[in-house]
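Containing PDB, C-alpha atoms: start-v5.pdb.
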ATOM      1  CA  GLU A   1      18.721   2.974  11.831
ATOM      2  CA  PRO A   2      18.864  -0.828  12.138
ATOM      3  CA  GLU A   3      17.992  -2.745   9.018
ATOM      4  CA  VAL A   4      17.464  -6.257   7.738
ATOM      5  CA  THR A   5      20.276  -7.301   5.410
ATOM      6  CA  GLN A   6      19.904  -9.869   2.642
ATOM      7  CA  THR A   7      22.607 -11.507   0.534
ATOM      8  CA  PRO A   8      23.094 -11.953  -2.318
ATOM      9  CA  SER A   9      21.006  -9.267  -4.011
ATOM     10  CA  HIS A  10      20.834 -11.398  -7.161
ATOM     11  CA  GLN A  11      21.211 -15.167  -7.546
ATOM     12  CA  VAL A  12      21.169 -17.072 -10.801
ATOM     13  CA  THR A  13      20.970 -20.857 -10.693
ATOM     14  CA  GLN A  14      20.240 -23.820 -12.904
ATOM     15  CA  MET A  15      17.028 -25.774 -12.489
ATOM     16  CA  GLY A  16      17.504 -28.616 -10.017
ATOM     17  CA  GLN A  17      20.295 -26.903  -8.091
ATOM     18  CA  GLU A  18      20.119 -26.026  -4.410
ATOM     19  CA  VAL A  19      20.247 -22.395  -3.318
ATOM     20  CA  ILE A  20      20.587 -20.765   0.070
ATOM     21  CA  LEU A  21      19.330 -17.248   0.587
ATOM     22  CA  ARG A  22      20.782 -15.434   3.553
ATOM     23  CA  CYS A  23      19.375 -12.809   5.870
ATOM     24  CA  VAL A  24      20.650 -10.962   8.910
ATOM     25  CA  PRO A  25      17.608  -9.758  10.872
ATOM     26  CA  ILE A  26      17.676  -6.775  13.218
ATOM     27  CA  SER A  27      19.675  -7.865  16.227
ATOM     28  CA  ASN A  28      17.081  -7.791  19.034
ATOM     29  CA  HIS A  29      14.222  -9.175  16.930
ATOM     30  CA  LEU A  30      12.725 -12.546  17.783
ATOM     31  CA  TYR A  31      10.309 -13.238  14.909
ATOM     32  CA  PHE A  32      11.583 -13.971  11.432
ATOM     33  CA  TYR A  33       9.804 -14.365   8.110
ATOM     34  CA  TRP A  34      10.299 -15.176   4.448
ATOM     35  CA  TYR A  35       8.058 -13.789   1.723
ATOM     36  CA  ARG A  36       8.345 -13.938  -2.034
ATOM     37  CA  GLN A  37       7.064 -11.872  -4.938
ATOM     38  CA  ILE A  38       6.864 -13.298  -8.434
ATOM     39  CA  LEU A  39       7.197 -10.560 -11.034
ATOM     40  CA  GLY A  40       3.925  -8.702 -11.444
ATOM     41  CA  GLN A  41       2.193 -10.620  -8.664
ATOM     42  CA  LYS A  42       1.366 -10.133  -5.011
ATOM     43  CA  VAL A  43       3.823 -10.521  -2.165
ATOM     44  CA  GLU A  44       3.190 -13.999  -0.714
ATOM     45  CA  PHE A  45       3.881 -15.335   2.765
ATOM     46  CA  LEU A  46       6.146 -18.393   2.939
ATOM     47  CA  VAL A  47       7.049 -19.045   6.560
ATOM     48  CA  SER A  48       7.383 -17.557  10.026
ATOM     49  CA  PHE A  49       9.989 -18.647  12.579
ATOM     50  CA  TYR A  50      10.127 -18.085  16.317
ATOM     51  CA  ASN A  51      12.048 -19.655  19.162
ATOM     52  CA  ASN A  52      14.063 -21.786  16.746
ATOM     53  CA  GLU A  53      11.107 -23.417  15.084
ATOM     54  CA  ILE A  54       8.597 -22.786  12.338
ATOM     55  CA  SER A  55       5.460 -21.207  13.764
ATOM     56  CA  GLU A  56       3.462 -20.991  10.543
ATOM     57  CA  LYS A  57       3.950 -21.895   6.899
ATOM     58  CA  SER A  58       1.928 -21.419   3.747
ATOM     59  CA  GLU A  59       0.952 -23.919   1.067
ATOM     60  CA  ILE A  60       3.889 -22.671  -0.999
ATOM     61  CA  PHE A  61       6.392 -23.778   1.641
ATOM     62  CA  ASP A  62       6.566 -27.443   0.689
ATOM     63  CA  ASP A  63       9.270 -30.047   1.312
ATOM     64  CA  GLN A  64      11.739 -28.402  -1.065
ATOM     65  CA  PHE A  65      11.964 -25.400   1.274
ATOM     66  CA  SER A  66      13.637 -25.215   4.670
ATOM     67  CA  VAL A  67      14.691 -22.477   7.050
ATOM     68  CA  GLU A  68      17.395 -22.297   9.639
ATOM     69  CA  ARG A  69      18.872 -19.917  12.153
ATOM     70  CA  PRO A  70      22.312 -21.490  12.361
ATOM     71  CA  ASP A  71      24.204 -19.105  14.579
ATOM     72  CA  GLY A  72      21.934 -16.640  16.360
ATOM     73  CA  SER A  73      22.410 -13.882  13.818
ATOM     74  CA  ASN A  74      21.727 -15.350  10.365
ATOM     75  CA  PHE A  75      18.401 -16.636   9.067
ATOM     76  CA  THR A  76      18.505 -18.720   5.903
ATOM     77  CA  LEU A  77      16.053 -20.049   3.349
ATOM     78  CA  LYS A  78      17.147 -23.152   1.459
ATOM     79  CA  ILE A  79      15.472 -24.314  -1.724
ATOM     80  CA  ARG A  80      16.573 -27.888  -2.300
ATOM     81  CA  SER A  81      15.917 -28.490  -5.978
ATOM     82  CA  THR A  82      14.971 -25.294  -7.723
ATOM     83  CA  LYS A  83      12.256 -25.122 -10.358
ATOM     84  CA  LEU A  84      11.642 -22.491 -13.003
ATOM     85  CA  GLU A  85       8.602 -21.287 -11.065
ATOM     86  CA  ASP A  86      10.772 -20.525  -8.027
ATOM     87  CA  SER A  87      12.092 -17.465  -9.873
ATOM     88  CA  ALA A  88      11.003 -14.524  -7.737
ATOM     89  CA  MET A  89      12.147 -11.805  -5.361
ATOM     90  CA  TYR A  90      12.554 -13.299  -1.896
ATOM     91  CA  PHE A  91      12.166 -10.977   1.070
ATOM     92  CA  CYS A  92      13.266 -11.611   4.630
ATOM     93  CA  ALA A  93      11.516  -9.755   7.448
ATOM     94  CA  SER A  94      11.803  -9.535  11.210
ATOM     95  CA  SER A  95      10.094  -8.025  14.216
ATOM     96  CA  TRP A  96      10.484  -8.047  17.976
ATOM     97  CA  ARG A  97       6.973  -9.054  18.976
ATOM     98  CA  GLY A  98       5.495 -10.580  15.819
ATOM     99  CA  ALA A  99       3.271  -9.353  12.999
ATOM    100  CA  GLU A 100       0.163  -9.651  15.165
ATOM    101  CA  VAL A 101       1.159  -6.613  17.190
ATOM    102  CA  GLU A 102       3.810  -4.618  15.390
ATOM    103  CA  LYS A 103       5.277  -3.580  12.082
ATOM    104  CA  LEU A 104       7.572  -5.866  10.166
ATOM    105  CA  PHE A 105      10.955  -4.719   8.925
ATOM    106  CA  PHE A 106      11.819  -6.037   5.472
ATOM    107  CA  GLY A 107      15.138  -6.501   3.743
ATOM    108  CA  SER A 108      15.781  -5.326   0.179
ATOM    109  CA  GLY A 109      15.324  -8.806  -1.199
ATOM    110  CA  THR A 110      17.191 -11.423  -3.207
ATOM    111  CA  GLN A 111      16.195 -11.719  -6.850
ATOM    112  CA  LEU A 112      16.367 -15.430  -7.682
ATOM    113  CA  SER A 113      16.468 -16.440 -11.334
ATOM    114  CA  VAL A 114      16.173 -20.143 -12.142
ATOM    115  CA  LEU A 115      17.272 -21.040 -15.674
TER
ATOM    116  CA  LYS B 116      -9.384 -17.861   2.041
ATOM    117  CA  GLN B 117      -8.568 -14.217   2.670
ATOM    118  CA  GLU B 118      -8.369 -12.046  -0.464
ATOM    119  CA  VAL B 119      -7.097  -8.473  -0.442
ATOM    120  CA  THR B 120      -7.940  -6.105  -3.289
ATOM    121  CA  GLN B 121      -6.549  -2.643  -3.915
ATOM    122  CA  ILE B 122      -8.116   0.037  -6.061
ATOM    123  CA  PRO B 123      -6.933   1.749  -8.177
ATOM    124  CA  ALA B 124      -4.085  -0.337  -9.566
ATOM    125  CA  ALA B 125      -2.332   2.831 -10.695
ATOM    126  CA  LEU B 126      -2.765   6.522 -10.016
ATOM    127  CA  SER B 127      -1.019   9.611 -11.377
ATOM    128  CA  VAL B 128      -1.713  13.016  -9.832
ATOM    129  CA  PRO B 129      -0.073  16.447  -9.778
ATOM    130  CA  GLU B 130       2.047  17.404  -6.818
ATOM    131  CA  GLY B 131       0.180  18.965  -3.916
ATOM    132  CA  GLU B 132      -3.055  17.003  -4.299
ATOM    133  CA  ASN B 133      -4.629  15.017  -1.514
ATOM    134  CA  LEU B 134      -5.388  11.437  -2.480
ATOM    135  CA  VAL B 135      -7.000   8.261  -1.208
ATOM    136  CA  LEU B 136      -5.922   4.683  -1.813
ATOM    137  CA  ASN B 137      -8.404   1.905  -1.172
ATOM    138  CA  CYS B 138      -8.043  -1.604   0.193
ATOM    139  CA  SER B 139     -10.708  -4.242   0.756
ATOM    140  CA  PHE B 140     -10.518  -7.691   2.304
ATOM    141  CA  THR B 141     -12.957 -10.577   2.199
ATOM    142  CA  ASP B 142     -12.626 -12.013   5.719
ATOM    143  CA  SER B 143     -13.417  -9.362   8.320
ATOM    144  CA  ALA B 144     -11.934 -11.460  11.150
ATOM    145  CA  ILE B 145      -8.565  -9.782  10.830
ATOM    146  CA  TYR B 146      -6.199  -9.049  13.683
ATOM    147  CA  ASN B 147      -4.530  -6.038  12.118
ATOM    148  CA  LEU B 148      -3.925  -4.257   8.838
ATOM    149  CA  GLN B 149      -0.689  -2.701   7.630
ATOM    150  CA  TRP B 150       0.092  -0.290   4.843
ATOM    151  CA  PHE B 151       3.482  -0.637   3.185
ATOM    152  CA  ARG B 152       5.457   1.345   0.667
ATOM    153  CA  GLN B 153       7.527  -0.503  -1.956
ATOM    154  CA  ASP B 154      10.194   1.313  -3.954
ATOM    155  CA  PRO B 155      11.833  -0.291  -7.025
ATOM    156  CA  GLY B 156      14.826  -2.415  -6.072
ATOM    157  CA  LYS B 157      14.154  -1.968  -2.387
ATOM    158  CA  GLY B 158      12.248  -3.838   0.261
ATOM    159  CA  LEU B 159       8.918  -3.002   1.806
ATOM    160  CA  THR B 160       8.651  -0.234   4.375
ATOM    161  CA  SER B 161       5.828  -0.435   6.878
ATOM    162  CA  LEU B 162       4.023   2.894   7.062
ATOM    163  CA  LEU B 163       1.118   2.326   9.418
ATOM    164  CA  LEU B 164      -0.327  -0.557  11.394
ATOM    165  CA  ILE B 165      -3.944  -0.510  12.568
ATOM    166  CA  GLN B 166      -5.074  -3.061  15.147
ATOM    167  CA  SER B 167      -8.559  -4.487  14.607
ATOM    168  CA  SER B 168      -9.848  -2.556  17.632
ATOM    169  CA  GLN B 169      -8.687   0.750  16.178
ATOM    170  CA  ARG B 170     -10.386   2.975  13.617
ATOM    171  CA  GLU B 171      -7.405   4.936  12.326
ATOM    172  CA  GLN B 172      -3.716   5.690  12.608
ATOM    173  CA  THR B 173      -1.800   8.790  11.582
ATOM    174  CA  SER B 174       1.835   9.399  10.745
ATOM    175  CA  GLY B 175       2.773  12.799   9.363
ATOM    176  CA  ARG B 176       0.898  13.345   6.104
ATOM    177  CA  LEU B 177      -0.473   9.803   6.135
ATOM    178  CA  ASN B 178      -3.739   8.708   7.676
ATOM    179  CA  ALA B 179      -5.054   5.168   7.490
ATOM    180  CA  SER B 180      -8.586   4.202   8.456
ATOM    181  CA  LEU B 181     -10.100   0.797   9.075
ATOM    182  CA  ASP B 182     -13.708  -0.325   8.871
ATOM    183  CA  LYS B 183     -13.360  -3.938   9.872
ATOM    184  CA  SER B 184     -17.042  -4.832   9.600
ATOM    185  CA  SER B 185     -17.224  -3.757   5.985
ATOM    186  CA  GLY B 186     -13.777  -5.102   5.138
ATOM    187  CA  ARG B 187     -12.301  -1.797   4.027
ATOM    188  CA  SER B 188      -9.331   0.430   4.690
ATOM    189  CA  THR B 189      -8.183   3.675   3.140
ATOM    190  CA  LEU B 190      -4.812   5.384   3.069
ATOM    191  CA  TYR B 191      -5.075   9.159   2.819
ATOM    192  CA  ILE B 192      -2.003  11.065   1.663
ATOM    193  CA  ALA B 193      -2.144  14.803   2.201
ATOM    194  CA  ALA B 194      -0.275  17.370   0.114
ATOM    195  CA  SER B 195       1.391  14.773  -2.098
ATOM    196  CA  GLN B 196       5.042  15.181  -3.101
ATOM    197  CA  PRO B 197       7.109  13.605  -5.898
ATOM    198  CA  GLY B 198       8.947  11.608  -3.221
ATOM    199  CA  ASP B 199       5.678   9.847  -2.438
ATOM    200  CA  SER B 200       5.891   8.077  -5.792
ATOM    201  CA  ALA B 201       6.007   4.334  -5.047
ATOM    202  CA  THR B 202       3.791   1.272  -4.901
ATOM    203  CA  TYR B 203       1.576   1.160  -1.812
ATOM    204  CA  LEU B 204       0.602  -2.240  -0.471
ATOM    205  CA  CYS B 205      -2.102  -3.187   1.975
ATOM    206  CA  ALA B 206      -1.748  -6.369   4.054
ATOM    207  CA  VAL B 207      -3.807  -8.092   6.745
ATOM    208  CA  THR B 208      -3.084 -10.734   9.354
ATOM    209  CA  LEU B 209      -5.612 -13.075  10.931
ATOM    210  CA  GLY B 210      -3.727 -13.352  14.208
ATOM    211  CA  GLY B 211      -4.343 -16.095  16.729
ATOM    212  CA  GLY B 212      -0.897 -17.489  16.077
ATOM    213  CA  ALA B 213      -1.312 -17.125  12.314
ATOM    214  CA  ASP B 214       0.886 -14.111  11.704
ATOM    215  CA  GLY B 215       1.547 -14.442   7.999
ATOM    216  CA  LEU B 216       0.454 -11.344   6.109
ATOM    217  CA  THR B 217      -1.900 -11.509   3.131
ATOM    218  CA  PHE B 218      -1.060  -8.744   0.683
ATOM    219  CA  GLY B 219      -2.957  -6.886  -1.977
ATOM    220  CA  LYS B 220      -1.383  -6.293  -5.352
ATOM    221  CA  GLY B 221      -0.779  -2.643  -4.622
ATOM    222  CA  THR B 222      -1.454   0.783  -6.043
ATOM    223  CA  HIS B 223       1.318   2.216  -8.210
ATOM    224  CA  LEU B 224       1.361   5.930  -7.411
ATOM    225  CA  ILE B 225       3.067   8.609  -9.492
ATOM    226  CA  ILE B 226       3.189  12.193  -8.256
ATOM    227  CA  GLN B 227       3.920  14.585 -11.108
ATOM    228  CA  PRO B 228       6.199  17.534 -10.206
TER
END
Once more with this new file: its structure as structure tokens, please.
Amino acid sequence: EPEVTQTPSHQVTQMGQEVILRCVPISNHLYFYWYRQILGQKVEFLVSFYNNEISEKSEIFDDQFSVERPDGSNFTLKIRSTKLEDSAMYFCASSWRGAEVEKLFFGSGTQLSVL
Amino acid sequence: KQEVTQIPAALSVPEGENLVLNCSFTDSAIYNLQWFRQDPGKGLTSLLLIQSSQREQTSGRLNASLDKSSGRSTLYIAASQPGDSATYLCAVTLGGGADGLTFGKGTHLIIQP
């Protein structure tokens, strides 16, 4: 069964450093998403991406965040200058027709620890 | 701002019991509602999606209902098994181009063998 793949599974970084989280969505999917879950809290929406541009973003997704689909298969989330409060599990998700009409497929997540 | 609440936060039942998980949302103008399963160290798995025009969806031993006007949904699990142990999350989307999901905090379910 096709699946969304995320790398690395764990990332440790120093405060102020840049990190790039990588995702390979399911190959025929067109809608891509990033979510995060701080330990013990709800899963939170960060951004949705369609047709090579951001279609929606939350208040969390400020100027330190950016997304890119550099080569037609990867989907990346960059955090420019990490803060302690960025420590969380980051989930990538994808779907063919978008969350309005069909289920999302999630990856297993990248656990980001900012020290 | 949409808020999603799930009750109970945790539930432990013996194997074989039927059980109901509850979800409520504050803004009834949703486009759809999804139920997810989250296992430790793994991602979220979508179990059922109910469009706002639908009243329920079924998949195997799972049945999800939606009462949009009252802002409520339930997930019914029949004949529970130890493998059903997981955290169950409810999420809604407002649609209209806004397809980000708003999640509840989940119900942590333990099925005792």
Quiz item: Asp62 in chain A: which residues within 12 Å, counting only C-alpha atoms, same-chain residues fewer than 6 positions away excluded, as a list in words?
Solution: Leu46, Val47, Lys78, Ile79, Arg80, Ser81 and Asp86 of chain A
Given the file shown, determine the residues that the PyMOL selection byres ((chain B and resi 158) around 9) selects; report them as a PDB file with C-alpha atoms, in the frame of the given file.
ATOM      1  CA  PHE A  91      12.166 -10.977   1.070  1.00  0.00           C
ATOM      2  CA  CYS A  92      13.266 -11.611   4.630  1.00  0.00           C
ATOM      3  CA  PHE A 105      10.955  -4.719   8.925  1.00  0.00           C
ATOM      4  CA  PHE A 106      11.819  -6.037   5.472  1.00  0.00           C
ATOM      5  CA  GLY A 107      15.138  -6.501   3.743  1.00  0.00           C
ATOM      6  CA  SER A 108      15.781  -5.326   0.179  1.00  0.00           C
ATOM      7  CA  GLY A 109      15.324  -8.806  -1.199  1.00  0.00           C
TER       8      GLY A 109
ATOM      9  CA  ARG B 152       5.457   1.345   0.667  1.00  0.00           C
ATOM     10  CA  GLN B 153       7.527  -0.503  -1.956  1.00  0.00           C
ATOM     11  CA  ASP B 154      10.194   1.313  -3.954  1.00  0.00           C
ATOM     12  CA  PRO B 155      11.833  -0.291  -7.025  1.00  0.00           C
ATOM     13  CA  GLY B 156      14.826  -2.415  -6.072  1.00  0.00           C
ATOM     14  CA  LYS B 157      14.154  -1.968  -2.387  1.00  0.00           C
ATOM     15  CA  LEU B 159       8.918  -3.002   1.806  1.00  0.00           C
ATOM     16  CA  THR B 160       8.651  -0.234   4.375  1.00  0.00           C
TER      17      THR B 160
END
Practice problem: Identify all residues satisfying the ChimeraX specification (/A :<7) & /B in the given file; provide them as a list in words. | Solution: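 Here the ChimeraX specification (/A :<7) & /B matches Tyr146, Asn147, Gly156, Lys157, Gly158, Leu159, Thr160, Ser161, Leu164, Thr208, Gly210, Ala213, Asp214, Gly215, Leu216, Thr217, Phe218, Gly219 and Lys220 of chain B.
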Practice problem: Please write as an MDAnalysis selection string the full residue list that the PyMOL selection byres ((chain B and resi 162) around 6) yields on this file. | Solution: chainID B and resid 150:151 161 163
Quiz item: For the point (19.5, -25.4, -10.7) in file coordinates, what residues are within 12 Å, counting only C-alpha atoms? Give the answer as a VMD selection string?
Solution: chain A and resid 11 to 20 79 to 87 112 to 115
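Those residues that approach Gln196 in chain B to within 7 Å, counting only C-alpha atoms, are Glu130, Gly131 and Ile226 of chain B; same-chain residues fewer than 4 positions away are not listed.
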Self-check item: Contacts of range 136-142 of chain B at 9 Å (all atoms listed in the file; same-chain gap of 4+ positions) as a ChimeraX atom specification
Solution: /B:116-123,126,183,185-192,203-207,209,219,221-222
For range 205-222 of chain B, I'd like the enclosing box, axis-aligned and padded by 3 Å on every side, reported as lines of an AutoDock Vina configuration file with centre and edge lengths in Å to one decimal.
center_x = -2.0
center_y = -8.4
center_z = 5.3
size_x = 13.2
size_y = 24.3
size_z = 28.8
Quiz prompt | Nearest candidate to Asn178 in chain B (options B:Ser143, B:Ser200, B:Ser127, B:Gln149; using only C-alpha atoms) | solution = B:Gln149
Quiz prompt | Point (11.7, -14.9, 14.3), cut-off 6 Å, counting only C-alpha atoms, residues as a list in words | solution = Leu30, Tyr31, Phe32, Phe49 and Tyr50 of chain A
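Minimum distance to Thr7 in chain A across A:Asn28, A:Ser94, A:Ala88, A:Phe75 (counting all atoms listed in the file) occurs at A:Phe75.
Here CA of Val128 in chain B stands at a distance of 8.1 Å from CA of Leu224 in chain B.
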Could you rebuild range 212-226 of chain B with N, CA, C and O atoms and give it back as a short mmCIF file (atom, residue, chain, number, x, y, z; two decimals), in the frame of the given file?
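Dumped everything to part_39.cif:
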data_model
loop_
_atom_site.label_atom_id
_atom_site.label_comp_id
_atom_site.auth_asym_id
_atom_site.auth_seq_id
_atom_site.Cartn_x
_atom_site.Cartn_y
_atom_site.Cartn_z
N GLY B 212 -2.03 -16.61 16.37
CA GLY B 212 -0.90 -17.49 16.08
C GLY B 212 -0.60 -17.57 14.60
O GLY B 212 0.49 -18.02 14.20
N ALA B 213 -1.55 -17.15 13.77
CA ALA B 213 -1.31 -17.12 12.31
C ALA B 213 -0.87 -15.72 11.96
O ALA B 213 -1.71 -14.84 11.76
N ASP B 214 0.42 -15.48 11.90
CA ASP B 214 0.89 -14.11 11.70
C ASP B 214 1.43 -13.83 10.32
O ASP B 214 2.05 -12.80 10.10
N GLY B 215 1.18 -14.73 9.38
CA GLY B 215 1.55 -14.44 8.00
C GLY B 215 0.65 -13.37 7.42
O GLY B 215 -0.56 -13.39 7.63
N LEU B 216 1.22 -12.42 6.72
CA LEU B 216 0.45 -11.34 6.11
C LEU B 216 -0.08 -11.77 4.75
O LEU B 216 0.62 -12.44 3.99
N THR B 217 -1.32 -11.34 4.46
CA THR B 217 -1.90 -11.51 3.13
C THR B 217 -1.91 -10.14 2.48
O THR B 217 -2.55 -9.22 3.00
N PHE B 218 -1.25 -10.02 1.34
CA PHE B 218 -1.06 -8.74 0.68
C PHE B 218 -2.04 -8.54 -0.47
O PHE B 218 -2.47 -9.50 -1.12
N GLY B 219 -2.34 -7.26 -0.73
CA GLY B 219 -2.96 -6.89 -1.98
C GLY B 219 -1.89 -6.69 -3.02
O GLY B 219 -0.69 -6.75 -2.74
N LYS B 220 -2.33 -6.44 -4.26
CA LYS B 220 -1.38 -6.29 -5.35
C LYS B 220 -0.76 -4.91 -5.41
O LYS B 220 0.26 -4.71 -6.06
N GLY B 221 -1.38 -3.96 -4.71
CA GLY B 221 -0.78 -2.64 -4.62
C GLY B 221 -1.38 -1.61 -5.55
O GLY B 221 -2.06 -1.93 -6.53
N THR B 222 -1.12 -0.36 -5.19
CA THR B 222 -1.45 0.78 -6.04
C THR B 222 -0.15 1.47 -6.41
O THR B 222 0.59 1.89 -5.52
N HIS B 223 0.10 1.56 -7.72
CA HIS B 223 1.32 2.22 -8.21
C HIS B 223 1.02 3.71 -8.34
O HIS B 223 0.23 4.12 -9.19
N LEU B 224 1.65 4.50 -7.50
CA LEU B 224 1.36 5.93 -7.41
C LEU B 224 2.49 6.75 -8.03
O LEU B 224 3.67 6.55 -7.70
N ILE B 225 2.11 7.67 -8.91
CA ILE B 225 3.07 8.61 -9.49
C ILE B 225 2.60 10.01 -9.17
O ILE B 225 1.44 10.37 -9.47
N ILE B 226 3.48 10.80 -8.55
CA ILE B 226 3.19 12.19 -8.26
C ILE B 226 3.99 13.05 -9.25
O ILE B 226 5.22 13.02 -9.25
#
